[in-house]
>>> print(open('structure_14.txt').read())   # compact mmCIF, C-alpha atoms
# COMPACT_ATOMS: atom_id res chain seq x y z
CA MET K 1 0.00 0.00 0.00
CA GLY K 2 1.31 3.41 -0.91
CA LEU K 3 -0.41 6.26 0.83
CA LYS K 4 0.65 8.76 -1.80
CA PRO K 5 -0.51 7.17 -5.06
CA ASP K 6 -4.16 7.03 -3.97
CA GLY K 7 -4.20 10.82 -4.20
CA LYS K 8 -5.40 11.36 -0.68
CA THR K 9 -2.06 12.32 0.78
CA PRO K 10 -0.25 14.23 -1.96
CA ASN K 11 2.11 16.10 0.37
CA MET K 12 2.83 13.47 3.00
CA LYS K 13 6.53 12.94 3.53
CA LEU K 14 8.81 11.42 6.15
CA PHE K 15 11.99 13.25 7.16
CA ASP K 16 14.48 10.54 7.93
CA MET K 17 18.10 9.92 8.90
CA HIS K 18 18.96 6.51 7.63
CA LYS K 19 21.33 5.38 10.37
CA ALA K 20 19.63 6.99 13.38
CA PRO K 21 17.64 4.72 15.70
CA ASN K 22 14.33 6.57 15.99
CA PRO K 23 13.76 7.01 12.27
CA ARG K 24 14.68 3.35 11.82
CA ARG K 25 11.89 2.34 14.19
CA VAL K 26 9.36 4.15 12.01
CA ARG K 27 10.77 2.72 8.76
CA ILE K 28 10.54 -0.84 10.11
CA PHE K 29 7.00 -0.19 11.33
CA LEU K 30 5.94 1.11 7.90
CA ALA K 31 7.59 -1.87 6.19
CA GLU K 32 5.64 -4.27 8.42
CA LYS K 33 2.46 -2.46 7.37
CA GLY K 34 3.49 -2.48 3.72
CA ILE K 35 3.24 1.32 3.58
CA SER K 36 5.65 3.31 1.44
CA LEU K 37 6.17 7.05 1.77
CA PRO K 38 8.40 9.64 0.11
CA MET K 39 11.39 10.32 2.36
CA GLU K 40 13.95 13.09 2.69
CA GLN K 41 17.27 12.58 4.43
CA VAL K 42 18.48 15.00 7.14
CA ASP K 43 21.95 14.54 8.65
CA ILE K 44 21.84 15.09 12.42
CA GLN K 45 25.56 14.52 12.91
CA ALA K 46 26.33 17.31 10.44
CA GLY K 47 23.79 19.52 12.25
CA ASP K 48 21.45 19.78 9.24
CA ASN K 49 18.49 19.29 11.59
CA LEU K 50 19.30 22.68 13.12
CA LYS K 51 19.52 24.60 9.84
CA PRO K 52 16.77 27.00 8.66
CA HIS K 53 15.43 24.71 5.92
CA TYR K 54 14.58 21.98 8.42
CA LEU K 55 13.62 24.23 11.34
CA ALA K 56 11.01 25.81 9.07
CA ILE K 57 9.40 22.37 8.84
CA ASN K 58 10.02 21.31 12.44
CA PRO K 59 11.09 24.02 14.91
CA ARG K 60 12.04 21.33 17.41
CA GLY K 61 14.73 20.05 15.05
CA VAL K 62 14.18 16.37 15.80
CA LEU K 63 13.78 13.30 13.61
CA PRO K 64 11.83 11.48 12.35
CA THR K 65 9.16 13.98 11.34
CA LEU K 66 6.03 13.09 9.41
CA LEU K 67 4.77 16.00 7.34
CA LEU K 68 1.01 15.78 6.87
CA ASP K 69 -1.00 17.13 3.96
CA ASP K 70 -2.06 20.27 5.79
CA GLY K 71 1.55 21.18 6.63
CA SER K 72 1.24 20.07 10.25
CA ILE K 73 3.73 17.56 11.59
CA LEU K 74 4.07 14.57 13.88
CA ASP K 75 7.55 14.17 15.35
CA GLU K 76 7.39 11.50 18.01
CA SER K 77 8.17 8.04 16.60
CA MET K 78 5.43 6.29 18.52
CA ALA K 79 2.89 8.99 17.62
CA ILE K 80 3.72 8.46 13.94
CA CYS K 81 3.39 4.69 14.36
CA ARG K 82 0.06 4.98 16.17
CA TYR K 83 -1.21 7.22 13.38
CA PHE K 84 -0.55 4.50 10.81
CA GLU K 85 -1.84 1.76 13.13
CA MET K 86 -5.25 3.46 13.09
CA VAL K 87 -5.11 4.33 9.38
CA GLN K 88 -4.30 0.72 8.52
CA PRO K 89 -5.00 -1.63 11.46
CA GLU K 90 -3.54 -4.81 9.94
CA PRO K 91 -1.15 -6.34 10.65
CA ASN K 92 -1.80 -5.31 14.25
CA LEU K 93 1.38 -4.14 15.98
CA PHE K 94 0.09 -2.41 19.14
CA GLY K 95 -2.05 -5.17 20.70
CA ARG K 96 -5.53 -6.59 20.10
CA ASP K 97 -7.06 -6.69 23.58
CA PRO K 98 -6.58 -4.67 26.79
CA LEU K 99 -3.92 -6.88 28.33
CA GLU K 100 -1.93 -7.37 25.14
CA ALA K 101 -2.06 -3.65 24.33
CA ALA K 102 -0.90 -2.81 27.85
CA GLN K 103 1.95 -5.30 27.71
CA VAL K 104 3.08 -4.00 24.32
CA GLU K 105 3.05 -0.45 25.65
CA GLN K 106 4.87 -1.47 28.82
CA TRP K 107 7.67 -3.35 27.08
CA GLN K 108 8.00 -0.78 24.36
CA ARG K 109 8.48 1.90 27.01
CA ARG K 110 10.92 -0.18 29.04
CA MET K 111 13.08 -0.57 25.95
CA GLU K 112 12.99 3.20 25.48
CA PHE K 113 13.63 4.22 29.07
CA ASP K 114 15.97 1.48 30.23
CA GLY K 115 17.65 0.96 26.86
CA MET K 116 17.43 3.72 24.31
CA TYR K 117 17.70 6.70 26.66
CA ASN K 118 20.67 5.30 28.51
CA ILE K 119 22.45 4.45 25.26
CA ALA K 120 21.66 7.94 23.95
CA ALA K 121 22.90 9.52 27.19
CA ALA K 122 26.18 7.64 26.88
CA PHE K 123 26.53 8.51 23.20
CA ARG K 124 25.53 12.18 23.18
CA ASN K 125 27.49 13.01 26.33
CA GLY K 126 30.58 11.23 25.09
CA GLN K 127 30.97 11.90 21.36
CA PRO K 128 32.94 15.03 20.37
CA ALA K 129 30.56 15.62 17.45
CA TYR K 130 27.78 16.42 19.95
CA ALA K 131 29.67 18.89 22.13
CA GLY K 132 27.24 21.62 23.17
CA ARG K 133 24.20 19.63 22.04
CA ALA K 134 24.05 16.70 24.40
CA GLN K 135 20.24 16.83 24.15
CA PRO K 136 18.62 16.13 20.77
CA GLY K 137 16.93 18.88 18.82
CA ALA K 138 16.79 22.65 18.84
CA GLY K 139 16.47 23.25 22.58
CA PRO K 140 18.91 25.26 24.71
CA GLU K 141 22.62 24.53 24.34
CA THR K 142 23.52 21.62 26.61
CA ALA K 143 27.09 20.89 27.63
CA GLN K 144 28.15 17.26 27.72
CA ILE K 145 28.29 15.65 31.18
CA PRO K 146 30.98 12.93 31.29
CA ALA K 147 29.49 11.42 34.47
CA LEU K 148 26.18 11.03 32.65
CA ALA K 149 27.89 9.25 29.76
CA ALA K 150 29.34 6.81 32.30
CA ARG K 151 26.01 6.35 34.07
CA GLY K 152 24.26 5.77 30.74
CA ALA K 153 26.78 3.11 29.76
CA MET K 154 26.42 1.36 33.12
CA LEU K 155 22.60 1.38 33.01
CA ALA K 156 22.54 0.32 29.36
CA ALA K 157 24.61 -2.75 30.28
CA ALA K 158 22.09 -3.53 33.04
CA TRP K 159 19.28 -3.15 30.49
CA LEU K 160 20.96 -5.64 28.16
CA ASP K 161 21.26 -8.21 30.96
CA GLY K 162 17.61 -7.65 31.89
CA LEU K 163 16.56 -8.16 28.29
CA GLU K 164 18.49 -11.44 28.19
CA ALA K 165 16.52 -12.65 31.23
CA ARG K 166 13.18 -11.53 29.81
CA LEU K 167 13.77 -13.43 26.56
CA GLU K 168 14.34 -16.77 28.32
CA GLY K 169 11.83 -19.13 26.69
CA ARG K 170 10.24 -16.35 24.64
CA ASP K 171 10.28 -15.72 20.88
CA TYR K 172 9.02 -12.14 21.21
CA LEU K 173 9.33 -9.49 23.86
CA ALA K 174 5.78 -8.48 24.82
CA ALA K 175 3.39 -10.97 23.23
CA THR K 176 3.37 -14.36 21.52
CA ARG K 177 3.84 -12.59 18.21
CA PHE K 178 5.85 -9.73 16.72
CA THR K 179 4.80 -6.25 17.90
CA VAL K 180 6.12 -2.72 17.97
CA ALA K 181 7.89 -3.58 21.24
CA ASP K 182 10.12 -5.89 19.22
CA ILE K 183 10.92 -3.08 16.80
CA THR K 184 12.18 -0.88 19.63
CA ALA K 185 14.12 -3.74 21.24
CA PHE K 186 15.76 -4.74 17.95
CA VAL K 187 16.76 -1.16 17.12
CA CYS K 188 18.13 -0.68 20.65
CA ILE K 189 20.26 -3.82 20.44
CA ASP K 190 21.91 -2.38 17.32
CA PHE K 191 22.05 1.16 18.76
CA ALA K 192 23.97 -0.17 21.78
CA ARG K 193 26.89 -0.95 19.46
CA TRP K 194 27.35 2.81 19.03
CA ILE K 195 28.65 2.86 22.61
CA GLY K 196 30.54 -0.42 22.27
CA LEU K 197 27.90 -2.50 24.05
CA ARG K 198 27.36 -5.80 22.24
CA ALA K 199 25.34 -8.90 23.00
CA GLY K 200 27.83 -11.74 23.28
CA GLU K 201 28.38 -15.15 24.84
CA ALA K 202 26.52 -14.12 27.98
CA HIS K 203 23.44 -13.26 25.90
CA PRO K 204 22.37 -16.32 23.88
CA ASN K 205 18.68 -15.39 24.09
CA ILE K 206 19.36 -11.93 22.68
CA LEU K 207 21.51 -13.31 19.87
CA ALA K 208 18.76 -15.74 18.81
CA TYR K 209 16.10 -13.05 19.18
CA HIS K 210 18.10 -10.54 17.16
CA ALA K 211 18.60 -13.10 14.37
CA ARG K 212 14.85 -13.85 14.43
CA ILE K 213 13.92 -10.19 13.96
CA LYS K 214 16.68 -9.57 11.45
CA ALA K 215 15.28 -12.37 9.26
CA ARG K 216 12.12 -10.30 8.71
CA PRO K 217 12.28 -8.29 5.47
CA SER K 218 11.27 -5.16 7.42
CA SER K 219 14.59 -5.17 9.28
CA GLN K 220 16.27 -3.90 6.10
CA ALA K 221 14.02 -0.84 5.82
CA MET Q 222 -18.00 1.70 37.87
CA GLY Q 223 -16.00 -0.43 40.25
CA LEU Q 224 -13.99 -3.18 38.61
CA LYS Q 225 -13.80 -5.18 41.80
CA PRO Q 226 -17.47 -5.39 42.91
CA ASP Q 227 -18.52 -7.10 39.69
CA GLY Q 228 -16.55 -10.13 40.81
CA LYS Q 229 -14.41 -10.35 37.68
CA THR Q 230 -11.29 -8.84 39.18
CA PRO Q 231 -11.20 -10.00 42.80
CA ASN Q 232 -7.46 -9.49 43.27
CA MET Q 233 -6.85 -6.34 41.24
CA LYS Q 234 -5.06 -3.64 43.21
CA LEU Q 235 -3.12 -0.46 42.52
CA PHE Q 236 0.09 0.21 44.42
CA ASP Q 237 0.24 3.95 44.84
CA MET Q 238 2.23 6.76 46.41
CA HIS Q 239 -0.19 9.57 46.99
CA LYS Q 240 2.10 12.52 46.38
CA ALA Q 241 4.26 11.09 43.56
CA PRO Q 242 3.56 12.31 40.02
CA ASN Q 243 3.27 9.04 38.09
CA PRO Q 244 0.76 7.39 40.42
CA ARG Q 245 -1.21 10.64 40.38
CA ARG Q 246 -1.52 10.45 36.60
CA VAL Q 247 -3.12 7.01 36.90
CA ARG Q 248 -5.45 8.07 39.72
CA ILE Q 249 -6.71 11.06 37.71
CA PHE Q 250 -7.19 8.82 34.66
CA LEU Q 251 -9.23 6.31 36.68
CA ALA Q 252 -11.31 9.12 38.19
CA GLU Q 253 -12.12 10.43 34.70
CA LYS Q 254 -13.28 6.92 33.78
CA GLY Q 255 -15.24 6.56 37.02
CA ILE Q 256 -13.27 3.45 37.93
CA SER Q 257 -12.43 2.74 41.56
CA LEU Q 258 -9.80 0.23 42.66
CA PRO Q 259 -8.36 -0.92 45.98
CA MET Q 260 -5.07 0.88 46.59
CA GLU Q 261 -2.06 0.29 48.81
CA GLN Q 262 0.38 3.07 49.69
CA VAL Q 263 4.14 2.59 49.24
CA ASP Q 264 6.52 5.36 50.40
CA ILE Q 265 9.31 5.84 47.85
CA GLN Q 266 11.06 8.57 49.82
CA ALA Q 267 11.38 6.21 52.80
CA GLY Q 268 12.66 3.51 50.44
CA ASP Q 269 9.71 1.16 51.02
CA ASN Q 270 9.60 0.44 47.28
CA LEU Q 271 12.97 -1.30 47.64
CA LYS Q 272 11.98 -3.53 50.58
CA PRO Q 273 11.28 -7.27 50.19
CA HIS Q 274 7.50 -6.99 50.59
CA TYR Q 275 7.21 -4.73 47.58
CA LEU Q 276 9.99 -6.25 45.48
CA ALA Q 277 8.17 -9.58 45.74
CA ILE Q 278 5.28 -7.90 43.92
CA ASN Q 279 7.36 -5.78 41.56
CA PRO Q 280 11.08 -6.61 41.26
CA ARG Q 281 11.65 -3.32 39.44
CA GLY Q 282 10.59 -1.40 42.56
CA VAL Q 283 8.72 1.33 40.70
CA LEU Q 284 5.30 2.90 41.16
CA PRO Q 285 2.49 2.85 40.24
CA THR Q 286 2.00 -0.88 39.81
CA LEU Q 287 -1.27 -2.51 38.83
CA LEU Q 288 -1.58 -6.03 40.20
CA LEU Q 289 -3.78 -8.16 37.94
CA ASP Q 290 -5.87 -11.13 38.98
CA ASP Q 291 -3.35 -13.70 37.83
CA GLY Q 292 -0.57 -12.08 39.89
CA SER Q 293 1.08 -10.46 36.88
CA ILE Q 294 1.68 -6.73 36.95
CA LEU Q 295 1.66 -3.62 34.80
CA ASP Q 296 4.04 -0.92 36.01
CA GLU Q 297 4.21 1.75 33.36
CA SER Q 298 1.65 4.51 33.95
CA MET Q 299 0.64 4.80 30.30
CA ALA Q 300 0.40 1.00 29.96
CA ILE Q 301 -1.99 0.93 32.93
CA CYS Q 302 -4.04 3.76 31.42
CA ARG Q 303 -4.20 2.09 28.01
CA TYR Q 304 -5.39 -1.11 29.68
CA PHE Q 305 -8.36 0.71 31.20
CA GLU Q 306 -8.99 2.70 28.00
CA MET Q 307 -9.64 -0.60 26.20
CA VAL Q 308 -11.56 -2.18 29.10
CA GLN Q 309 -13.84 0.86 29.29
CA PRO Q 310 -13.55 3.03 26.17
CA GLU Q 311 -15.70 5.95 27.37
CA PRO Q 312 -14.99 8.70 28.07
CA ASN Q 313 -12.29 8.48 25.41
CA LEU Q 314 -8.98 9.86 26.64
CA PHE Q 315 -6.47 8.61 24.03
CA GLY Q 316 -8.02 9.94 20.79
CA ARG Q 317 -10.87 8.87 18.51
CA ASP Q 318 -9.30 8.98 15.05
CA PRO Q 319 -5.77 8.53 13.65
CA LEU Q 320 -4.76 12.18 13.79
CA GLU Q 321 -6.25 12.87 17.21
CA ALA Q 322 -4.71 9.70 18.66
CA ALA Q 323 -1.33 10.65 17.20
CA GLN Q 324 -1.53 14.18 18.56
CA VAL Q 325 -2.51 12.94 22.01
CA GLU Q 326 0.41 10.51 21.99
CA GLN Q 327 2.80 13.18 20.74
CA TRP Q 328 1.87 15.80 23.34
CA GLN Q 329 1.68 13.29 26.12
CA ARG Q 330 5.21 12.19 25.31
CA ARG Q 331 6.53 15.73 24.97
CA MET Q 332 5.23 16.46 28.46
CA GLU Q 333 7.05 13.38 29.72
CA PHE Q 334 10.35 13.89 27.92
CA ASP Q 335 10.65 17.67 27.96
CA GLY Q 336 8.87 18.15 31.30
CA MET Q 337 8.65 15.22 33.65
CA TYR Q 338 12.06 13.69 32.97
CA ASN Q 339 13.89 16.97 33.30
CA ILE Q 340 12.06 17.80 36.53
CA ALA Q 341 12.82 14.31 37.83
CA ALA Q 342 16.48 14.64 36.81
CA ALA Q 343 16.73 17.91 38.74
CA PHE Q 344 14.94 16.46 41.76
CA ARG Q 345 16.57 13.04 42.06
CA ASN Q 346 20.07 14.36 41.41
CA GLY Q 347 19.67 17.19 43.88
CA GLN Q 348 17.75 15.91 46.90
CA PRO Q 349 19.83 14.38 49.73
CA ALA Q 350 17.08 11.79 50.33
CA TYR Q 351 17.91 10.23 46.94
CA ALA Q 352 21.68 9.98 47.32
CA GLY Q 353 22.81 6.73 45.67
CA ARG Q 354 19.49 6.21 43.91
CA ALA Q 355 19.30 9.02 41.41
CA GLN Q 356 17.43 6.68 39.07
CA PRO Q 357 14.00 5.39 40.15
CA GLY Q 358 13.47 1.77 41.09
CA ALA Q 359 15.60 -1.22 41.99
CA GLY Q 360 18.29 -0.91 39.34
CA PRO Q 361 22.03 -0.48 40.01
CA GLU Q 362 23.10 2.14 42.55
CA THR Q 363 23.38 5.49 40.81
CA ALA Q 364 25.31 8.39 42.30
CA GLN Q 365 23.76 11.82 41.98
CA ILE Q 366 25.22 14.06 39.27
CA PRO Q 367 24.98 17.75 40.26
CA ALA Q 368 25.54 18.90 36.66
CA LEU Q 369 22.55 16.80 35.59
CA ALA Q 370 20.39 18.41 38.29
CA ALA Q 371 21.37 21.79 36.87
CA ARG Q 372 20.72 20.70 33.28
CA GLY Q 373 17.35 19.27 34.27
CA ALA Q 374 16.32 22.52 35.95
CA MET Q 375 17.39 24.54 32.91
CA LEU Q 376 15.55 22.30 30.42
CA ALA Q 377 12.46 22.13 32.65
CA ALA Q 378 12.28 25.93 32.59
CA ALA Q 379 12.50 25.81 28.79
CA TRP Q 380 9.70 23.23 28.79
CA LEU Q 381 7.48 25.52 30.87
CA ASP Q 382 8.02 28.41 28.45
CA GLY Q 383 7.26 26.12 25.50
CA LEU Q 384 4.05 24.96 27.17
CA GLU Q 385 3.01 28.60 27.67
CA ALA Q 386 3.43 29.20 23.93
CA ARG Q 387 1.55 26.03 22.97
CA LEU Q 388 -1.44 26.97 25.13
CA GLU Q 389 -1.93 30.36 23.42
CA GLY Q 390 -5.56 30.31 22.26
CA ARG Q 391 -6.07 26.70 23.36
CA ASP Q 392 -8.19 25.25 26.16
CA TYR Q 393 -6.50 21.84 26.02
CA LEU Q 394 -3.06 20.66 25.07
CA ALA Q 395 -3.50 18.08 22.30
CA ALA Q 396 -7.12 18.22 21.15
CA THR Q 397 -10.23 20.39 21.45
CA ARG Q 398 -11.20 18.42 24.52
CA PHE Q 399 -9.62 16.97 27.66
CA THR Q 400 -7.32 13.97 27.05
CA VAL Q 401 -4.60 12.02 28.81
CA ALA Q 402 -2.08 14.55 27.49
CA ASP Q 403 -3.72 17.12 29.78
CA ILE Q 404 -3.35 14.76 32.73
CA THR Q 405 0.41 14.53 32.18
CA ALA Q 406 0.74 18.28 31.60
CA PHE Q 407 -1.27 19.14 34.74
CA VAL Q 408 0.71 16.73 36.91
CA CYS Q 409 3.99 18.07 35.50
CA ILE Q 410 3.04 21.67 36.26
CA ASP Q 411 2.56 20.68 39.90
CA PHE Q 412 5.62 18.40 39.92
CA ALA Q 413 7.77 21.33 38.76
CA ARG Q 414 7.14 23.01 42.12
CA TRP Q 415 9.23 20.26 43.71
CA ILE Q 416 12.27 21.91 42.11
CA GLY Q 417 11.04 25.45 42.76
CA LEU Q 418 9.79 25.99 39.20
CA ARG Q 419 6.44 27.77 39.22
CA ALA Q 420 4.21 29.20 36.51
CA GLY Q 421 3.93 32.91 37.26
CA GLU Q 422 3.26 36.28 35.65
CA ALA Q 423 5.08 35.23 32.49
CA HIS Q 424 2.75 32.24 32.09
CA PRO Q 425 -0.87 33.48 31.99
CA ASN Q 426 -1.92 30.68 29.63
CA ILE Q 427 -0.56 28.02 31.96
CA LEU Q 428 -2.22 29.60 35.00
CA ALA Q 429 -5.61 29.61 33.25
CA TYR Q 430 -5.07 26.09 31.94
CA HIS Q 431 -4.04 24.76 35.33
CA ALA Q 432 -7.14 26.30 36.93
CA ARG Q 433 -9.29 24.73 34.19
CA ILE Q 434 -7.94 21.23 34.85
CA LYS Q 435 -7.97 21.71 38.61
CA ALA Q 436 -11.70 22.49 38.46
CA ARG Q 437 -12.37 18.92 37.27
CA PRO Q 438 -13.29 16.59 40.15
CA SER Q 439 -10.65 14.10 38.92
CA SER Q 440 -7.87 16.52 39.86
CA GLN Q 441 -8.46 15.67 43.52
CA ALA Q 442 -7.95 11.94 43.01
>>> encode(input="structure_14.txt", output="structure tokens")
Amino acid sequence: MGLKPDGKTPNMKLFDMHKAPNPRRVRIFLAEKGISLPMEQVDIQAGDNLKPHYLAINPRGVLPTLLLDDGSILDESMAICRYFEMVQPEPNLFGRDPLEAAQVEQWQRRMEFDGMYNIAAAFRNGQPAYAGRAQPGAGPETAQIPALAARGAMLAAAWLDGLEARLEGRDYLAATRFTVADITAFVCIDFARWIGLRAGEAHPNILAYHARIKARPSSQA
Amino acid sequence: MGLKPDGKTPNMKLFDMHKAPNPRRVRIFLAEKGISLPMEQVDIQAGDNLKPHYLAINPRGVLPTLLLDDGSILDESMAICRYFEMVQPEPNLFGRDPLEAAQVEQWQRRMEFDGMYNIAAAFRNGQPAYAGRAQPGAGPETAQIPALAARGAMLAAAWLDGLEARLEGRDYLAATRFTVADITAFVCIDFARWIGLRAGEAHPNILAYHARIKARPSSQA
């Protein structure tokens, strides 16, 4: 399904950075739905997200951003995914009943808070390229905090061990089938490599899980 | 509506800390739905969330926690709220159509990430009572980082100014009616006082908005 060719969404576009984790979550989600959208690349590392061209579209300067037909935007990954979940409910990725939906939300958020945010804290507070912008987007200048980079790395390692335990005897993170929680977990496992944190011999469940998700065509999106 | 008296949920219980922001979000949500649940108080400041009695229920040691009939738990505030949204869809608090649902999710998350997490960073890294546990819950010991307290306070102030701008000409944050995004915003405005950040003369929109939400009976939950 392409949302553009039907003529109903002539201006819809996704602003993307191919290697960044949050845009990748949205691309995988869209691939699972079979939805294709026009995309435009914005290079965060080069600071292109803070230049006038992009700030005119999204004053917050974050990615991904979904531009809607009326010129308004959505710029939270899970808000963009929920939009498409309601536009095209199948395949269901957010849960079919109250308990499943709650468990998907819970595990999705744990991957964000225990995984993604700690990895990001370690990365943005440690990489010279992000000096003065340790927080994403166009907010106030934020100096890097080396102690926060260290705390992020320590908590990210604890997250990885917790994920290994959770996956004992499970094929998927939140439900008995693939959901958006698995998208976030999979992207976080790869994102962790940016700070040198890799699943290894101590993480057989994660290695099998990662291979299972990577075998889905959507993982290449 | 009580979920317990109907006999279907004899063991359901909410573990709560009355003055903490996340449990308050869930209590207000339940009050808007007209749902009453048995509650048990757990004092985070005294460290009761890290004692064996509570860790046996929730090894993560966080609040709020919803105990389900089968002994399993939900312990992310928005996961608990989404559970009850599907159990009892009216009044709708998460959005009725794709765009409204996406906007509710987006603004709810902005309040969390730009508001709540910065306020919490300032509070937990600055208050002597939280020395050694600057991160919530039963994870690894985390030393306080004074520079992170300062960054949190600075970004929380920027969040408050951004909220003032967003509320220009609006009665509610995400939609033309009250939604869960307003619950998070309202709780964050009050939570900010814990770090000495108060809406004042420079924030007339926030003051009017806060009074509007406070006038709802649910605000007393």
>>> closest_atom_pairs(input="structure_14.txt", of="stretch 95-118 of chain K", to="stretch 170-179 of chain K", cutoff="9 Å", atoms="all atoms listed in the file", output="Markdown table")
| residue | atom | partner | partner_atom | distance |
| --- | --- | --- | --- | --- |
| K:Gly95 | CA | K:Thr179 | CA | 7.5 |
| K:Glu100 | CA | K:Ala175 | CA | 6.7 |
| K:Gln103 | CA | K:Ala174 | CA | 5.8 |
| K:Val104 | CA | K:Ala174 | CA | 5.3 |
| K:Glu105 | CA | K:Ala174 | CA | 8.5 |
| K:Gln106 | CA | K:Ala174 | CA | 8.1 |
| K:Trp107 | CA | K:Ala174 | CA | 5.9 |
| K:Gln108 | CA | K:Ala174 | CA | 8.0 |
>>> atom_distance(input="structure_14.txt", atom1="atom CA of Q:Phe250", atom2="atom CA of Q:Ile427")
20.5 Å
>>> atom_distance(input="structure_14.txt", atom1="atom CA of Q:Ser440", atom2="atom CA of Q:Ser298")
16.4 Å
>>> closest_atom_pairs(input="structure_14.txt", of="chain K", to="chain Q", cutoff="7 Å", atoms="only C-alpha atoms", output="JSON lines")
{"residue": "K:Glu76", "atom": "CA", "partner": "Q:Gln327", "partner_atom": "CA", "distance": 5.6}
{"residue": "K:Ala79", "atom": "CA", "partner": "Q:Ala323", "partner_atom": "CA", "distance": 4.6}
{"residue": "K:Ile80", "atom": "CA", "partner": "Q:Ala323", "partner_atom": "CA", "distance": 6.4}
{"residue": "K:Arg82", "atom": "CA", "partner": "Q:Ala323", "partner_atom": "CA", "distance": 5.9}
{"residue": "K:Tyr83", "atom": "CA", "partner": "Q:Pro319", "partner_atom": "CA", "distance": 4.8}
{"residue": "K:Met86", "atom": "CA", "partner": "Q:Pro319", "partner_atom": "CA", "distance": 5.1}
{"residue": "K:Val87", "atom": "CA", "partner": "Q:Pro319", "partner_atom": "CA", "distance": 6.0}
{"residue": "K:Pro98", "atom": "CA", "partner": "Q:Tyr304", "partner_atom": "CA", "distance": 4.7}
{"residue": "K:Leu99", "atom": "CA", "partner": "Q:Tyr304", "partner_atom": "CA", "distance": 6.1}
{"residue": "K:Ala101", "atom": "CA", "partner": "Q:Tyr304", "partner_atom": "CA", "distance": 6.8}
{"residue": "K:Ala102", "atom": "CA", "partner": "Q:Ala300", "partner_atom": "CA", "distance": 4.5}
{"residue": "K:Gln103", "atom": "CA", "partner": "Q:Ala300", "partner_atom": "CA", "distance": 6.9}
{"residue": "K:Glu105", "atom": "CA", "partner": "Q:Ala300", "partner_atom": "CA", "distance": 5.3}
{"residue": "K:Gln106", "atom": "CA", "partner": "Q:Ala300", "partner_atom": "CA", "distance": 5.2}
{"residue": "K:Ile145", "atom": "CA", "partner": "Q:Ala368", "partner_atom": "CA", "distance": 6.9}
{"residue": "K:Ala147", "atom": "CA", "partner": "Q:Ile366", "partner_atom": "CA", "distance": 6.9}
>>> residues_around(input="structure_14.txt", residues="Q:Ile410", least_positions_apart="2", cutoff="12 Å", atoms="only C-alpha atoms", output="number ranges by chain")
Q: 242, 332-333, 335-337, 340, 377-378, 380-382, 384-385, 403-408, 412-421, 424, 427-428, 430-432, 434-435
>>> atom_distance(input="structure_14.txt", atom1="atom CA of K:Ala138", atom2="atom CA of K:Pro59")
7.1 Å
>>> closest_residue(input="structure_14.txt", among="K:Gly152, K:His53, K:Gly47, K:Gly71", to="K:Ala131", atoms="only C-alpha atoms")
K:Gly47
>>> closest_residue(input="structure_14.txt", among="Q:Gly353, Q:Glu253, Q:Ser439, Q:Asp290", to="Q:Pro231", atoms="only C-alpha atoms")
Q:Asp290
>>> closest_residue(input="structure_14.txt", among="K:Gly34, K:Pro64, K:Gly162, K:Pro52", to="K:Lys13", atoms="all atoms listed in the file")
K:Pro64
>>> decode(input="structure_14.txt", residues="stretch 186-195 of chain K", atoms="N, CA and C atoms", output="compact mmCIF listing (two decimals), in the first residue's frame")
# COMPACT_ATOMS: atom_id res chain seq x y z
N PHE K 186 14.81 -4.41 19.02
CA PHE K 186 15.76 -4.74 17.95
C PHE K 186 16.63 -3.54 17.60
N VAL K 187 16.00 -2.38 17.46
CA VAL K 187 16.76 -1.16 17.12
C VAL K 187 17.71 -0.79 18.26
N CYS K 188 17.27 -1.00 19.51
CA CYS K 188 18.13 -0.68 20.65
C CYS K 188 19.34 -1.62 20.72
N ILE K 189 19.14 -2.88 20.40
CA ILE K 189 20.26 -3.82 20.44
C ILE K 189 21.35 -3.36 19.46
N ASP K 190 20.93 -2.90 18.29
CA ASP K 190 21.91 -2.38 17.32
C ASP K 190 22.47 -1.03 17.75
N PHE K 191 21.61 -0.17 18.32
CA PHE K 191 22.05 1.16 18.76
C PHE K 191 23.12 1.04 19.84
N ALA K 192 23.00 0.01 20.68
CA ALA K 192 23.97 -0.17 21.78
C ALA K 192 25.40 -0.31 21.26
N ARG K 193 25.54 -0.79 20.03
CA ARG K 193 26.89 -0.95 19.46
C ARG K 193 27.56 0.40 19.27
N TRP K 194 26.77 1.47 19.17
CA TRP K 194 27.35 2.81 19.03
C TRP K 194 28.17 3.19 20.27
N ILE K 195 27.86 2.58 21.40
CA ILE K 195 28.65 2.86 22.61
C ILE K 195 29.51 1.64 22.98
